[in-house]
$ cat target_36.csv   # CSV, C-alpha atoms
chain,number,residue,atom,x,y,z
A,1,MET,CA,-5.9,18.5,-15.2
A,2,PRO,CA,-2.7,17.3,-16.8
A,3,VAL,CA,-1.6,13.7,-16.1
A,4,HIS,CA,1.5,14.7,-14.2
A,5,ALA,CA,-0.5,17.0,-11.8
A,6,ALA,CA,-3.1,14.2,-11.2
A,7,LEU,CA,-0.4,11.7,-10.4
A,8,PHE,CA,1.4,14.2,-8.1
A,9,LEU,CA,-1.9,14.7,-6.2
A,10,ALA,CA,-2.7,11.0,-6.1
A,11,GLN,CA,0.7,10.2,-4.7
A,12,ARG,CA,0.5,12.9,-2.1
A,13,ALA,CA,-3.0,12.0,-1.1
A,14,SER,CA,-2.0,8.3,-0.8
A,15,ALA,CA,0.9,9.3,1.4
A,16,LEU,CA,-1.4,11.2,3.7
A,17,VAL,CA,-3.5,8.0,4.1
A,18,LEU,CA,-0.5,5.7,4.4
A,19,ALA,CA,1.4,7.7,7.1
A,20,PRO,CA,-1.0,7.1,10.0
A,21,LEU,CA,-1.8,3.6,8.9
A,22,VAL,CA,1.9,2.7,8.9
A,23,LEU,CA,2.4,4.3,12.3
A,24,VAL,CA,-0.6,2.3,13.8
A,25,HIS,CA,0.6,-0.9,12.1
A,26,LEU,CA,4.1,-0.5,13.5
A,27,ALA,CA,2.9,0.4,17.0
A,28,LEU,CA,0.6,-2.6,17.1
A,29,ALA,CA,3.3,-4.9,15.8
A,30,ILE,CA,5.8,-3.7,18.3
A,31,SER,CA,3.3,-3.9,21.1
A,32,ALA,CA,2.3,-7.5,20.1
A,33,ILE,CA,5.9,-8.6,19.9
A,34,HIS,CA,6.8,-7.1,23.3
A,35,GLY,CA,3.6,-8.5,24.7
A,36,GLY,CA,4.7,-12.0,23.7
A,37,LEU,CA,1.9,-12.7,21.3
A,38,THR,CA,2.4,-15.4,18.8
A,39,ALA,CA,1.3,-15.3,15.2
A,40,ALA,CA,-1.5,-17.7,16.0
A,41,GLU,CA,-2.7,-15.4,18.8
A,42,ILE,CA,-2.6,-12.4,16.6
A,43,LEU,CA,-4.6,-14.2,13.9
A,44,ALA,CA,-7.1,-15.3,16.4
A,45,ARG,CA,-7.7,-11.6,17.2
A,46,THR,CA,-8.0,-10.5,13.6
A,47,LEU,CA,-10.0,-13.3,12.0
A,48,GLY,CA,-13.6,-12.3,11.4
A,49,SER,CA,-12.9,-8.6,12.2
A,50,PHE,CA,-14.5,-6.2,9.8
A,51,GLY,CA,-12.6,-3.3,11.4
A,52,TRP,CA,-9.2,-4.9,10.7
A,53,SER,CA,-10.3,-5.8,7.2
A,54,LEU,CA,-11.3,-2.2,6.6
A,55,PHE,CA,-8.0,-0.9,8.1
A,56,TYR,CA,-5.8,-3.1,6.1
A,57,GLY,CA,-8.0,-2.8,3.0
A,58,LEU,CA,-7.4,0.9,3.0
A,59,PHE,CA,-3.7,0.3,3.6
A,60,VAL,CA,-3.6,-1.9,0.5
A,61,VAL,CA,-5.4,0.6,-1.7
A,62,ALA,CA,-3.2,3.5,-0.6
A,63,ALA,CA,0.0,1.4,-1.2
A,64,ALA,CA,-1.3,0.2,-4.6
A,65,VAL,CA,-1.7,3.9,-5.6
A,66,HIS,CA,1.4,5.3,-4.0
A,67,ALA,CA,4.1,2.7,-4.9
A,68,PRO,CA,3.6,2.6,-8.7
A,69,ILE,CA,3.6,6.4,-9.0
A,70,GLY,CA,6.8,6.7,-7.1
A,71,LEU,CA,8.4,3.8,-9.1
A,72,ARG,CA,7.2,5.5,-12.3
A,73,ASN,CA,9.0,8.6,-11.4
A,74,VAL,CA,12.2,6.7,-10.5
A,75,LEU,CA,12.1,4.8,-13.8
A,76,ARG,CA,11.5,8.0,-15.8
A,77,GLU,CA,14.3,9.9,-14.1
A,78,TRP,CA,16.9,7.3,-13.7
A,79,LEU,CA,16.4,5.1,-16.7
A,80,GLY,CA,14.9,7.6,-19.1
A,81,TRP,CA,11.9,5.3,-19.7
A,82,LYS,CA,9.3,7.8,-20.9
A,83,SER,CA,7.3,5.8,-23.3
A,84,VAL,CA,3.7,4.8,-22.7
A,85,GLY,CA,5.2,1.4,-21.7
A,86,VAL,CA,6.2,2.6,-18.3
A,87,ASN,CA,2.6,3.7,-17.6
A,88,VAL,CA,1.2,0.3,-18.7
A,89,ALA,CA,3.9,-1.7,-16.8
A,90,LEU,CA,3.3,0.3,-13.6
A,91,ALA,CA,-0.5,0.2,-13.9
A,92,GLY,CA,-0.1,-3.6,-14.0
A,93,PHE,CA,2.2,-3.5,-11.0
A,94,GLY,CA,-0.4,-1.5,-9.1
A,95,LEU,CA,-3.0,-4.0,-10.0
A,96,VAL,CA,-0.8,-6.9,-8.8
A,97,LEU,CA,-0.3,-5.0,-5.5
A,98,LEU,CA,-4.0,-4.6,-5.2
A,99,VAL,CA,-4.9,-8.2,-5.9
A,100,LEU,CA,-2.1,-9.7,-3.7
A,101,GLY,CA,-2.8,-7.1,-0.9
A,102,PHE,CA,-6.5,-8.0,-0.8
A,103,ARG,CA,-5.7,-11.7,-0.7
A,104,ALA,CA,-3.4,-11.1,2.3
A,105,VAL,CA,-6.1,-9.0,4.0
A,106,SER,CA,-8.6,-11.8,3.4
A,107,ALA,CA,-6.2,-14.4,4.8
A,108,VAL,CA,-5.5,-12.4,7.9
A,109,THR,CA,-9.1,-11.3,8.6
A,110,GLY,CA,-11.2,-14.0,6.9
A,111,VAL,CA,-13.5,-11.2,5.7
$ encode --input "target_36.csv" --output "C-alpha coordinates"
Amino acid sequence: MPVHAALFLAQRASALVLAPLVLVHLALAISAIHGGLTAAEILARTLGSFGWSLFYGLFVVAAAVHAPIGLRNVLREWLGWKSVGVNVALAGFGLVLLVLGFRAVSAVTGV
(Lines of atoms letter the chains of each structure in order from A and count residues from 1; the text may use other names and numbers.)
(Lines give C-alpha, C1' and ligand atoms only; values in the text may rest on other atoms or scores of the structure.)
Protein backbone atom coordinates (compact mmCIF):
# COMPACT_ATOMS: atom_id res chain seq x y z
CA MET A 1 0.00 0.00 0.00
CA PRO A 2 1.45 3.41 -0.94
CA VAL A 3 2.39 5.73 1.94
CA HIS A 4 -0.22 8.32 0.97
CA ALA A 5 -2.99 5.73 1.02
CA ALA A 6 -1.87 4.38 4.41
CA LEU A 7 -1.76 7.90 5.88
CA PHE A 8 -5.17 8.67 4.42
CA LEU A 9 -6.64 5.55 6.03
CA ALA A 10 -4.87 6.18 9.35
CA GLN A 11 -6.21 9.70 9.55
CA ARG A 12 -9.75 8.65 8.70
CA ALA A 13 -9.64 5.75 11.17
CA SER A 14 -8.31 8.02 13.92
CA ALA A 15 -11.10 10.50 13.14
CA LEU A 16 -13.67 7.71 13.58
CA VAL A 17 -12.19 6.99 17.01
CA LEU A 18 -11.83 10.66 17.99
CA ALA A 19 -15.35 11.79 17.08
CA PRO A 20 -17.27 9.87 19.77
CA LEU A 21 -14.50 10.45 22.33
CA VAL A 22 -14.65 14.21 21.78
CA LEU A 23 -18.44 14.18 22.07
CA VAL A 24 -18.34 12.23 25.34
CA HIS A 25 -15.56 14.46 26.70
CA LEU A 26 -17.47 17.65 25.86
CA ALA A 27 -20.75 16.32 27.23
CA LEU A 28 -19.08 15.33 30.50
CA ALA A 29 -17.24 18.65 30.79
CA ILE A 30 -20.41 20.65 30.19
CA SER A 31 -22.34 18.45 32.61
CA ALA A 32 -19.65 18.82 35.29
CA ILE A 33 -19.52 22.59 34.90
CA HIS A 34 -23.29 22.98 34.99
CA GLY A 35 -23.39 20.59 37.94
CA GLY A 36 -21.07 22.90 39.84
CA LEU A 37 -18.21 20.42 40.20
CA THR A 38 -14.81 21.87 41.00
CA ALA A 39 -11.56 20.64 39.48
CA ALA A 40 -10.74 18.95 42.79
CA GLU A 41 -14.07 17.10 42.78
CA ILE A 42 -13.54 15.96 39.20
CA LEU A 43 -10.03 14.72 40.00
CA ALA A 44 -11.37 12.87 43.02
CA ARG A 45 -13.67 10.97 40.66
CA THR A 46 -11.02 10.19 38.03
CA LEU A 47 -8.06 9.26 40.25
CA GLY A 48 -7.50 5.52 40.33
CA SER A 49 -10.00 4.88 37.54
CA PHE A 50 -8.80 2.33 35.01
CA GLY A 51 -11.84 3.15 32.84
CA TRP A 52 -11.00 6.83 32.56
CA SER A 53 -7.36 5.94 31.97
CA LEU A 54 -8.39 3.68 29.09
CA PHE A 55 -10.82 6.29 27.69
CA TYR A 56 -8.31 9.13 27.71
CA GLY A 57 -5.42 6.86 26.70
CA LEU A 58 -7.34 5.94 23.54
CA PHE A 59 -8.08 9.63 23.05
CA VAL A 60 -4.34 10.43 23.24
CA VAL A 61 -3.35 7.71 20.77
CA ALA A 62 -6.01 8.77 18.26
CA ALA A 63 -5.01 12.44 18.53
CA ALA A 64 -1.30 11.59 18.23
CA VAL A 65 -2.04 9.77 14.96
CA HIS A 66 -4.60 12.21 13.58
CA ALA A 67 -2.99 15.61 14.20
CA PRO A 68 0.46 15.04 12.64
CA ILE A 69 -1.04 13.59 9.47
CA GLY A 70 -3.35 16.58 9.05
CA LEU A 71 -0.52 19.00 9.81
CA ARG A 72 1.70 17.16 7.31
CA ASN A 73 -0.90 17.71 4.61
CA VAL A 74 -1.18 21.41 5.45
CA LEU A 75 2.60 21.91 5.39
CA ARG A 76 2.94 20.04 2.10
CA GLU A 77 0.10 21.94 0.41
CA TRP A 78 0.55 25.44 1.82
CA LEU A 79 4.33 25.63 2.24
CA GLY A 80 5.39 23.15 -0.40
CA TRP A 81 7.48 21.26 2.17
CA LYS A 82 7.68 17.87 0.47
CA SER A 83 11.06 16.57 1.58
CA VAL A 84 11.57 13.70 3.98
CA GLY A 85 12.12 16.36 6.66
CA VAL A 86 8.40 17.03 6.95
CA ASN A 87 7.80 13.36 7.74
CA VAL A 88 10.58 13.26 10.32
CA ALA A 89 9.45 16.51 11.97
CA LEU A 90 5.83 15.41 12.19
CA ALA A 91 6.70 11.92 13.41
CA GLY A 92 8.55 13.71 16.21
CA PHE A 93 5.53 15.93 16.80
CA GLY A 94 3.30 12.85 17.06
CA LEU A 95 5.70 11.30 19.55
CA VAL A 96 5.66 14.48 21.66
CA LEU A 97 1.85 14.45 21.63
CA LEU A 98 1.87 10.82 22.70
CA VAL A 99 4.32 11.34 25.59
CA LEU A 100 2.69 14.53 26.88
CA GLY A 101 -0.79 13.06 26.46
CA PHE A 102 0.08 9.95 28.47
CA ARG A 103 1.64 12.12 31.16
CA ALA A 104 -1.62 14.10 31.37
CA VAL A 105 -3.69 10.89 31.53
CA SER A 106 -1.46 9.60 34.31
CA ALA A 107 -1.80 12.88 36.23
CA VAL A 108 -5.60 12.89 35.95
CA THR A 109 -6.18 9.19 36.63
CA GLY A 110 -3.14 8.16 38.65
CA VAL A 111 -3.04 4.95 36.63
$ atom_distance --input "target_36.csv" --atom1 "CA of Leu43 (chain A)" --atom2 "CA of Val108 (chain A)"
6.3 Å
$ residues_near_point --input "target_36.csv" --point "(7.7, 14.1, -11.3)" --cutoff "12 Å" --atoms "all atoms listed in the file" --output "list in words"
Val3, His4, Ala5, Ala6, Leu7, Phe8, Leu9, Gln11, Arg12, Ile69, Gly70, Leu71, Arg72, Asn73, Val74, Leu75, Arg76, Glu77, Trp78 and Lys82 of chain A
$ atom_distance --input "target_36.csv" --atom1 "CA of Gly36 (chain A)" --atom2 "CA of Val105 (chain A)"
22.7 Å
$ residues_around --input "target_36.csv" --residues "Phe55 (chain A)" --least-positions-apart "6" --cutoff "12 Å" --atoms "all atoms listed in the file" --output "list in words"
Val17, Leu18, Pro20, Leu21, Val22, Val24, His25, Thr46, Ser49, Val61, Ala62, Phe102, Val105, Ser106, Val108, Thr109 and Val111 of chain A
$ residues_near_point --input "target_36.csv" --point "(-10.1, -6.0, -1.6)" --cutoff "10 Å" --atoms "only C-alpha atoms" --output "list of chain:residue names"
A:Ser53, A:Leu54, A:Tyr56, A:Gly57, A:Leu58, A:Val60, A:Val61, A:Leu98, A:Val99, A:Leu100, A:Gly101, A:Phe102, A:Arg103, A:Ala104, A:Val105, A:Ser106, A:Val111
$ residues_around --input "target_36.csv" --residues "Ala44 (chain A)" --least-positions-apart "3" --cutoff "12 Å" --atoms "only C-alpha atoms" --output "MDAnalysis selection string"
chainID A and resid 37:41 47:49 107:110
$ atom_distance --input "target_36.csv" --atom1 "CA of His66 (chain A)" --atom2 "CA of Gly94 (chain A)"
8.7 Å
$ closest_residue --input "target_36.csv" --among "A:Phe93, A:Phe59, A:Gly85, A:His34" --to "Leu16 (chain A)" --atoms "only C-alpha atoms"
A:Phe59
